[in-house]
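What follows is a short report on a single structure.
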Amino acid sequence: MPPRFREIPLLYAFSAGLTALLAVPPALALWAWPDANTLQILQQRVVGVERALGFGLLTLCLILILRRAHQSRRRALLGETSAENPTDASPESKSAGTGSAATSQSTNISNRGDRAGALRRAALIFPAVFAPAVPLLIYLWQFNQLAYANLFLGDQDFTNISTAINHTARWQGFLTTPFLATGPTGSYLGHHFSPLLALYAPFYWLADALAAHGAFGGSRPTHMVYAVCLWSTLALGLLFWARLVQKELRNPFTAVSCMAVICGAYPLWRLALSYHYELPVIPLSALTFLALARWRQVGRSRWLFWLCLILWMANKEDIALYVGLFAIYLVSHRGESPGSAAVAHLTRAVAVGVAALAWLLLALWAMDWIGGPERVDWISMWSEPTPFSERSLRPGFFLLLSCAFLPVLNLRFFAIVLLPLMLFHYLSQQIWHHSYLGHYSYAILPFLFFGLIRGLQRLEAGFAFWREAAGTDRGFGGDGGDGGEHRDLRLILLVAVLACSFFAASADRYMPLPRLATDARYPAVESLLQNIPAGACLQTQSPFSAHTPLDVHVFPLMTPQGNPAHDAVPGPHNFERFYFRDRACQGYYLLLDPQDPMPPFYTREHLDAFAQFAERNLTEIPLQSAASGKGESASELRLYRLSVF
């Protein structure tokens, strides 16, 4: 076996071990913890043990690192003393000069065939680098199925976004949705400027095409398509980040460890399980960094860089601000490039900043024009007081701990990009934004992972025991020199990095989410909604909206006042004077469970008012009810139809 391939089996064993460690928490969440109460009890019992073990392991690693550094310093001093003594020179060293030319010539000859071998080696290494992403992807796929059967996917941040994409795919308005206060246009862009959502429309076309050929067993596709789109986005994003990690980090064991830290980072799990549309920042940021590196190194991928950068900013209106911070970092980081390269780098960095500023102004203007007074003012998170008033450094500390504080090693990048982002979150009055809960880690995650890679690059370039391994490309050990001497020190440092990441993840009480039981109403809901004809309008409660077929117009039970659909469907505000004037719907249906309120969106009083309205004006479809299985008093699903359509 060629020397360059000798570490491949060990690399795969190392990757398999890390993948198995990452698979333990989601496996326990899915199959060992039957409900949330049991999960909470177990967490309370083991969190103290986890912290003790984590701090103990980190302390041990620090002691061993200091000990090995002291030993290395002593050996270096002894080596310098020996070098000063001319009698230590060996015959081999005296003849080294005469053989240097021959050695250089043979090296040049052997390097001619290195390109093909390097490509084969990179292809063999990449599966090992990507392997730590597998547990997250498997868990998320399984959880999607459980959440769907649990009726967990509701109006806010799921059906509202999916409906906007579905309307675009069916030419019923560009990203229009009835679930939010969007202003007179009804477009989601009046709520948040996220034109990137339209790129998911082809997947909805594909779902309809597959259903037409019987791909779903005769069932019509529902808004579960949106969850599949998000899962595919995450899978593609982790694939790109694995490629970026492999490209930027020379040592394959370091690359596998870096990917394990990325895939085990609890903010990424929070973003993935929020079912929010900011998830595309994961693939788009990785592609942007890849294209930027290729543009700088070989002068290619310029248009790919600009395309990915624009799409990244098109994910949400405030991302341009964070890209602007990154542009400032690029301006300040010229490196050791020669004059012409430095000018090109400065021009590129300034262009990124100008593009970010232009996109930010465009987004703010577009939101004012589309949404008017109903648009979301995200600056209010810092300017308007909310019930949350206590600020804590704990979220920021654990965010950095999840990456073993490695982003801090690149002090310029940390000070210009990461620190302002963390201050934004720290000063926020919104508790979810302050604590990086749900999707609120979308702004900082790409730069956090970028800083992680930069920190590991500093370790590879700045520490002798790491630089030797990276230069020889021989895994942990190295090939000659001091590679073998420092093998255990490199391993200890990698273990310390992974221990920090795993400890930060273990301290998070929210992820991974526990297994969800199938709701007793699920079969009845599926049967009822699949029987609603295409083109009809359905008004229903939050737990049932995601199960609506894509060819049915779905409306929330309580349509916001700032939406054009506010008066197009019945509600407590217009029950007495409402009549169905819109014949665009090929039938009107109302699905209710009177025992399932969801404050503050709708209360039990709202449900009673809808039931009374239905009894006066609609016809209940007989023999289509099922026990909800919630509590001791079983409620009923009720499906009503307007008979005059």
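Identifiers in the structure tokens: chain A, B, ... in order shown; residue index from 1 per chain; ligand index from 1 in order shown.
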Subject >> 8 Å contact set for region 289-299 of chain A, only C-alpha atoms, chain neighbours under 4 positions out, as a list in words >> reply: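 With the cut-off at 8 Å, the set is Leu244, Ser285, Leu304, Phe305 and His345 of chain A.
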**OP:** Enumerate, as a PyMOL selection string, the complete set of residues in region 480-586 of chain A that a backbone-based DSSP assignment places in strand (DSSP E).
**Re:** chain A and resi 537-540+553-556
Can I get the selected residues back with all heavy atoms, as an mmCIF file, in the first residue's frame?
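That gives us result-v4.cif:
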```cif
data_model
loop_
_atom_site.group_PDB
_atom_site.id
_atom_site.type_symbol
_atom_site.label_atom_id
_atom_site.label_comp_id
_atom_site.auth_asym_id
_atom_site.auth_seq_id
_atom_site.Cartn_x
_atom_site.Cartn_y
_atom_site.Cartn_z
ATOM 1 N N CYS A 537 -61.588 25.290 -0.614
ATOM 2 C CA CYS A 537 -60.972 26.074 0.451
ATOM 3 C C CYS A 537 -61.240 25.385 1.784
ATOM 4 O O CYS A 537 -62.370 24.971 2.053
ATOM 5 C CB CYS A 537 -61.526 27.494 0.488
ATOM 6 S SG CYS A 537 -61.034 28.498 -0.927
ATOM 7 N N LEU A 538 -60.200 25.284 2.611
ATOM 8 C CA LEU A 538 -60.316 24.658 3.922
ATOM 9 C C LEU A 538 -59.848 25.639 4.977
ATOM 10 O O LEU A 538 -58.762 26.212 4.874
ATOM 11 C CB LEU A 538 -59.481 23.376 3.992
ATOM 12 C CG LEU A 538 -59.354 22.752 5.385
ATOM 13 C CD1 LEU A 538 -60.689 22.153 5.831
ATOM 14 C CD2 LEU A 538 -58.255 21.701 5.419
ATOM 15 N N GLN A 539 -60.665 25.813 5.991
ATOM 16 C CA GLN A 539 -60.283 26.608 7.153
ATOM 17 C C GLN A 539 -60.203 25.655 8.336
ATOM 18 O O GLN A 539 -61.154 24.913 8.620
ATOM 19 C CB GLN A 539 -61.308 27.707 7.419
ATOM 20 C CG GLN A 539 -60.836 28.754 8.415
ATOM 21 C CD GLN A 539 -61.799 29.927 8.500
ATOM 22 O OE1 GLN A 539 -62.878 29.911 7.913
ATOM 23 N NE2 GLN A 539 -61.415 30.963 9.249
ATOM 24 N N THR A 540 -59.059 25.642 9.022
ATOM 25 C CA THR A 540 -58.877 24.635 10.058
ATOM 26 C C THR A 540 -57.921 25.126 11.133
ATOM 27 O O THR A 540 -57.307 26.196 11.019
ATOM 28 C CB THR A 540 -58.342 23.322 9.446
ATOM 29 O OG1 THR A 540 -58.303 22.306 10.452
ATOM 30 C CG2 THR A 540 -56.939 23.511 8.893
ATOM 31 N N HIS A 553 -56.849 25.042 -1.015
ATOM 32 C CA HIS A 553 -56.508 26.329 -0.414
ATOM 33 C C HIS A 553 -56.762 26.242 1.093
ATOM 34 O O HIS A 553 -57.901 26.060 1.523
ATOM 35 C CB HIS A 553 -57.359 27.459 -1.005
ATOM 36 C CG HIS A 553 -57.265 27.568 -2.490
ATOM 37 N ND1 HIS A 553 -56.250 28.238 -3.130
ATOM 38 C CD2 HIS A 553 -58.074 27.087 -3.478
ATOM 39 C CE1 HIS A 553 -56.429 28.174 -4.437
ATOM 40 N NE2 HIS A 553 -57.532 27.479 -4.676
ATOM 41 N N VAL A 554 -55.706 26.384 1.892
ATOM 42 C CA VAL A 554 -55.849 26.261 3.339
ATOM 43 C C VAL A 554 -55.760 27.646 3.978
ATOM 44 O O VAL A 554 -54.938 28.486 3.578
ATOM 45 C CB VAL A 554 -54.784 25.306 3.925
ATOM 46 C CG1 VAL A 554 -53.380 25.807 3.668
ATOM 47 C CG2 VAL A 554 -55.023 25.088 5.417
ATOM 48 N N PHE A 555 -56.625 27.873 4.964
ATOM 49 C CA PHE A 555 -56.670 29.133 5.701
ATOM 50 C C PHE A 555 -56.583 28.830 7.195
ATOM 51 O O PHE A 555 -57.092 27.795 7.651
ATOM 52 C CB PHE A 555 -57.967 29.895 5.415
ATOM 53 C CG PHE A 555 -58.093 30.379 4.006
ATOM 54 C CD1 PHE A 555 -58.635 29.563 3.027
ATOM 55 C CD2 PHE A 555 -57.678 31.654 3.661
ATOM 56 C CE1 PHE A 555 -58.768 30.006 1.724
ATOM 57 C CE2 PHE A 555 -57.804 32.106 2.362
ATOM 58 C CZ PHE A 555 -58.347 31.289 1.384
ATOM 59 N N PRO A 556 -55.981 29.719 7.965
ATOM 60 C CA PRO A 556 -55.961 29.512 9.416
ATOM 61 C C PRO A 556 -57.340 29.767 10.014
ATOM 62 O O PRO A 556 -58.212 30.399 9.394
ATOM 63 C CB PRO A 556 -54.944 30.545 9.904
ATOM 64 C CG PRO A 556 -55.028 31.647 8.894
ATOM 65 C CD PRO A 556 -55.297 30.969 7.585
#
```
Original post:
Phe126 (chain A): which residues within 9 Å, counting only C-alpha atoms, same-chain residues fewer than 2 positions away excluded, as a ChimeraX atom specification?
Top reply: /A:121-124,128-131,242-243,246,252
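The space separating CA of Ala404 (chain A) from CA of Ala16 (chain A) comes to 21.3 Å.
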**OP:** Considering only C-alpha atoms, return as an MDAnalysis selection string whatever protein or nucleic-acid residues lie within 9 Å of Val331 (chain A), sequence-local ones (same chain, fewer than 5 positions apart) excluded.
**Re:** chainID A and resid 326 345:350
Saved selection, atoms kept: N, CA and C atoms, as a PDB file, in the first residue's frame:
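Output file part.pdb is given in full below:
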```pdb
ATOM      1  N   PHE A 326     -18.510  40.699   7.458  1.00  0.00           N
ATOM      2  CA  PHE A 326     -17.522  39.805   6.865  1.00  0.00           C
ATOM      3  C   PHE A 326     -16.689  40.547   5.818  1.00  0.00           C
ATOM      4  N   HIS A 345      -7.463  41.569  -3.952  1.00  0.00           N
ATOM      5  CA  HIS A 345      -8.190  41.150  -2.756  1.00  0.00           C
ATOM      6  C   HIS A 345      -8.954  42.322  -2.150  1.00  0.00           C
ATOM      7  N   LEU A 346      -8.316  43.496  -2.094  1.00  0.00           N
ATOM      8  CA  LEU A 346      -8.989  44.672  -1.535  1.00  0.00           C
ATOM      9  C   LEU A 346     -10.187  45.070  -2.393  1.00  0.00           C
ATOM     10  N   THR A 347     -10.032  45.015  -3.698  1.00  0.00           N
ATOM     11  CA  THR A 347     -11.148  45.345  -4.596  1.00  0.00           C
ATOM     12  C   THR A 347     -12.310  44.388  -4.391  1.00  0.00           C
ATOM     13  N   ARG A 348     -11.982  43.107  -4.261  1.00  0.00           N
ATOM     14  CA  ARG A 348     -13.021  42.099  -4.044  1.00  0.00           C
ATOM     15  C   ARG A 348     -13.735  42.328  -2.721  1.00  0.00           C
ATOM     16  N   ALA A 349     -12.996  42.617  -1.676  1.00  0.00           N
ATOM     17  CA  ALA A 349     -13.599  42.830  -0.360  1.00  0.00           C
ATOM     18  C   ALA A 349     -14.506  44.059  -0.358  1.00  0.00           C
ATOM     19  N   VAL A 350     -14.062  45.144  -0.997  1.00  0.00           N
ATOM     20  CA  VAL A 350     -14.889  46.354  -1.068  1.00  0.00           C
ATOM     21  C   VAL A 350     -16.157  46.078  -1.870  1.00  0.00           C
TER      22      VAL A 350
END
```
Subject >> Pick from A:Trp231, A:Glu615, A:Arg509, A:Ala133, whichever lies nearest to Ala20 (chain A) using only C-alpha atoms >> reply: A:Ala133
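When only C-alpha atoms are used to compute distances to Tyr436 (chain A), the closest of the residues A:Ser545, A:Arg270, A:Tyr522, A:Pro373 turns out to be A:Arg270.
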**OP:** Name the residues in contact with Val228 (chain A) at a cut-off of 10 Å, using only C-alpha atoms, excluding same-chain residues fewer than 5 positions from it; report them as a list in words.
**Re:** Trp141, Asn144, Phe203, His223, Thr233 and Leu234 of chain A
Go ahead and save the picked residues with C-alpha atoms, as an mmCIF file, in the first residue's frame.
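What follows is the written file selection_34.cif:
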```
data_model
loop_
_atom_site.group_PDB
_atom_site.id
_atom_site.type_symbol
_atom_site.label_atom_id
_atom_site.label_comp_id
_atom_site.auth_asym_id
_atom_site.auth_seq_id
_atom_site.Cartn_x
_atom_site.Cartn_y
_atom_site.Cartn_z
ATOM 1 C CA TRP A 141 -35.678 12.192 8.805
ATOM 2 C CA ASN A 144 -40.073 14.442 10.563
ATOM 3 C CA PHE A 203 -40.036 20.731 -5.619
ATOM 4 C CA HIS A 223 -47.347 20.319 3.046
ATOM 5 C CA THR A 233 -31.260 21.496 2.148
ATOM 6 C CA LEU A 234 -29.506 20.410 5.334
#
```
Original post:
So which one's closest to Asn531 (chain A), A:Thr548, A:Ser643, A:Ser501, A:Thr603? Using only C-alpha atoms, please.
Top reply: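 Using only C-alpha atoms, Asn531 (chain A) sits closest to A:Thr548.
For the residues A:Ser301, A:Arg412, A:Pro597, A:Ala507, ranking by smallest atom-to-atom distance to Arg394 (chain A) using only C-alpha atoms places A:Ala507 first.
Relative to CA of Met313 (chain A), CA of Leu361 (chain A) is found at 11.9 Å.
Candidate residues A:Val24, A:Leu30, A:Val376, A:Leu456 were compared for distance to Leu180 (chain A), and the nearest is A:Val376, using only C-alpha atoms.
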**OP:** Could you give me, as a PyMOL selection string, the residues within 12 Å of Phe424 (chain A), counting only C-alpha atoms and dropping anything in the same chain fewer than 4 positions from it?
**Re:** chain A and resi 318+321-322+378-383+391+396+417-420+428-430+433-436+440-441+443-444
Selected residues written out, N, CA and C atoms, as a PDB file, in the first residue's frame:
```pdb
ATOM      1  N   ASP A 318     -31.938  40.704   7.005  1.00  0.00           N
ATOM      2  CA  ASP A 318     -30.858  41.182   7.859  1.00  0.00           C
ATOM      3  C   ASP A 318     -29.525  40.497   7.593  1.00  0.00           C
ATOM      4  N   LEU A 321     -26.512  42.595   6.476  1.00  0.00           N
ATOM      5  CA  LEU A 321     -25.755  43.314   7.503  1.00  0.00           C
ATOM      6  C   LEU A 321     -24.584  42.481   7.999  1.00  0.00           C
ATOM      7  N   TYR A 322     -24.801  41.183   8.196  1.00  0.00           N
ATOM      8  CA  TYR A 322     -23.745  40.300   8.691  1.00  0.00           C
ATOM      9  C   TYR A 322     -22.705  40.031   7.607  1.00  0.00           C
ATOM     10  N   TRP A 378     -37.281  44.259  12.549  1.00  0.00           N
ATOM     11  CA  TRP A 378     -36.437  43.445  13.417  1.00  0.00           C
ATOM     12  C   TRP A 378     -35.557  44.280  14.334  1.00  0.00           C
ATOM     13  N   ILE A 379     -35.441  45.573  14.048  1.00  0.00           N
ATOM     14  CA  ILE A 379     -34.681  46.444  14.962  1.00  0.00           C
ATOM     15  C   ILE A 379     -35.405  46.565  16.304  1.00  0.00           C
ATOM     16  N   SER A 380     -36.721  46.310  16.304  1.00  0.00           N
ATOM     17  CA  SER A 380     -37.479  46.421  17.551  1.00  0.00           C
ATOM     18  C   SER A 380     -37.036  45.388  18.577  1.00  0.00           C
ATOM     19  N   MET A 381     -36.330  44.353  18.149  1.00  0.00           N
ATOM     20  CA  MET A 381     -35.821  43.374  19.118  1.00  0.00           C
ATOM     21  C   MET A 381     -34.853  44.008  20.101  1.00  0.00           C
ATOM     22  N   TRP A 382     -34.209  45.088  19.694  1.00  0.00           N
ATOM     23  CA  TRP A 382     -33.264  45.766  20.577  1.00  0.00           C
ATOM     24  C   TRP A 382     -33.814  47.068  21.131  1.00  0.00           C
ATOM     25  N   SER A 383     -34.744  47.698  20.419  1.00  0.00           N
ATOM     26  CA  SER A 383     -35.186  49.035  20.806  1.00  0.00           C
ATOM     27  C   SER A 383     -36.433  49.039  21.678  1.00  0.00           C
ATOM     28  N   ARG A 391     -30.330  39.756  31.192  1.00  0.00           N
ATOM     29  CA  ARG A 391     -29.359  39.346  30.190  1.00  0.00           C
ATOM     30  C   ARG A 391     -28.319  38.446  30.842  1.00  0.00           C
ATOM     31  N   GLY A 396     -23.861  32.969  25.012  1.00  0.00           N
ATOM     32  CA  GLY A 396     -22.669  33.213  24.210  1.00  0.00           C
ATOM     33  C   GLY A 396     -21.507  32.333  24.618  1.00  0.00           C
ATOM     34  N   VAL A 417     -16.332  40.171  13.222  1.00  0.00           N
ATOM     35  CA  VAL A 417     -17.550  39.492  12.782  1.00  0.00           C
ATOM     36  C   VAL A 417     -18.302  38.853  13.946  1.00  0.00           C
ATOM     37  N   LEU A 418     -17.666  37.939  14.646  1.00  0.00           N
ATOM     38  CA  LEU A 418     -18.380  37.157  15.654  1.00  0.00           C
ATOM     39  C   LEU A 418     -18.779  37.991  16.865  1.00  0.00           C
ATOM     40  N   LEU A 419     -17.885  38.825  17.349  1.00  0.00           N
ATOM     41  CA  LEU A 419     -18.193  39.603  18.552  1.00  0.00           C
ATOM     42  C   LEU A 419     -19.378  40.555  18.340  1.00  0.00           C
ATOM     43  N   PRO A 420     -19.447  41.317  17.237  1.00  0.00           N
ATOM     44  CA  PRO A 420     -20.657  42.138  17.030  1.00  0.00           C
ATOM     45  C   PRO A 420     -21.933  41.309  16.928  1.00  0.00           C
ATOM     46  N   SER A 428     -30.288  41.830  22.835  1.00  0.00           N
ATOM     47  CA  SER A 428     -31.666  41.657  22.388  1.00  0.00           C
ATOM     48  C   SER A 428     -32.612  41.491  23.570  1.00  0.00           C
ATOM     49  N   GLN A 429     -33.798  42.072  23.414  1.00  0.00           N
ATOM     50  CA  GLN A 429     -34.832  41.940  24.438  1.00  0.00           C
ATOM     51  C   GLN A 429     -35.724  40.720  24.196  1.00  0.00           C
ATOM     52  N   GLN A 430     -35.532  40.060  23.056  1.00  0.00           N
ATOM     53  CA  GLN A 430     -36.341  38.897  22.723  1.00  0.00           C
ATOM     54  C   GLN A 430     -35.642  37.651  23.250  1.00  0.00           C
ATOM     55  N   HIS A 433     -34.225  35.129  20.681  1.00  0.00           N
ATOM     56  CA  HIS A 433     -33.082  35.696  19.971  1.00  0.00           C
ATOM     57  C   HIS A 433     -31.879  35.812  20.890  1.00  0.00           C
ATOM     58  N   HIS A 434     -32.109  36.182  22.124  1.00  0.00           N
ATOM     59  CA  HIS A 434     -31.022  36.329  23.094  1.00  0.00           C
ATOM     60  C   HIS A 434     -30.347  34.992  23.378  1.00  0.00           C
ATOM     61  N   SER A 435     -31.121  33.908  23.417  1.00  0.00           N
ATOM     62  CA  SER A 435     -30.596  32.593  23.803  1.00  0.00           C
ATOM     63  C   SER A 435     -30.343  31.673  22.619  1.00  0.00           C
ATOM     64  N   TYR A 436     -30.431  32.177  21.392  1.00  0.00           N
ATOM     65  CA  TYR A 436     -30.193  31.374  20.181  1.00  0.00           C
ATOM     66  C   TYR A 436     -31.138  30.178  20.105  1.00  0.00           C
ATOM     67  N   TYR A 440     -33.005  31.106  15.591  1.00  0.00           N
ATOM     68  CA  TYR A 440     -32.282  32.365  15.783  1.00  0.00           C
ATOM     69  C   TYR A 440     -30.765  32.214  15.798  1.00  0.00           C
ATOM     70  N   SER A 441     -30.272  31.035  15.494  1.00  0.00           N
ATOM     71  CA  SER A 441     -28.828  30.865  15.327  1.00  0.00           C
ATOM     72  C   SER A 441     -28.405  31.010  13.871  1.00  0.00           C
ATOM     73  N   ALA A 443     -28.020  33.500  11.918  1.00  0.00           N
ATOM     74  CA  ALA A 443     -27.126  34.600  11.578  1.00  0.00           C
ATOM     75  C   ALA A 443     -25.676  34.270  11.892  1.00  0.00           C
ATOM     76  N   ILE A 444     -25.439  33.592  12.989  1.00  0.00           N
ATOM     77  CA  ILE A 444     -24.074  33.412  13.467  1.00  0.00           C
ATOM     78  C   ILE A 444     -23.469  32.075  13.091  1.00  0.00           C
TER      79      ILE A 444
END
```
Subject >> Every residue of region 166-296 of chain A that DSSP places in helix (DSSP H, G or I), as a PyMOL selection string >> reply: chain A and resi 166-169+188-190+195-212+224-248+252-264+266-272+281-296
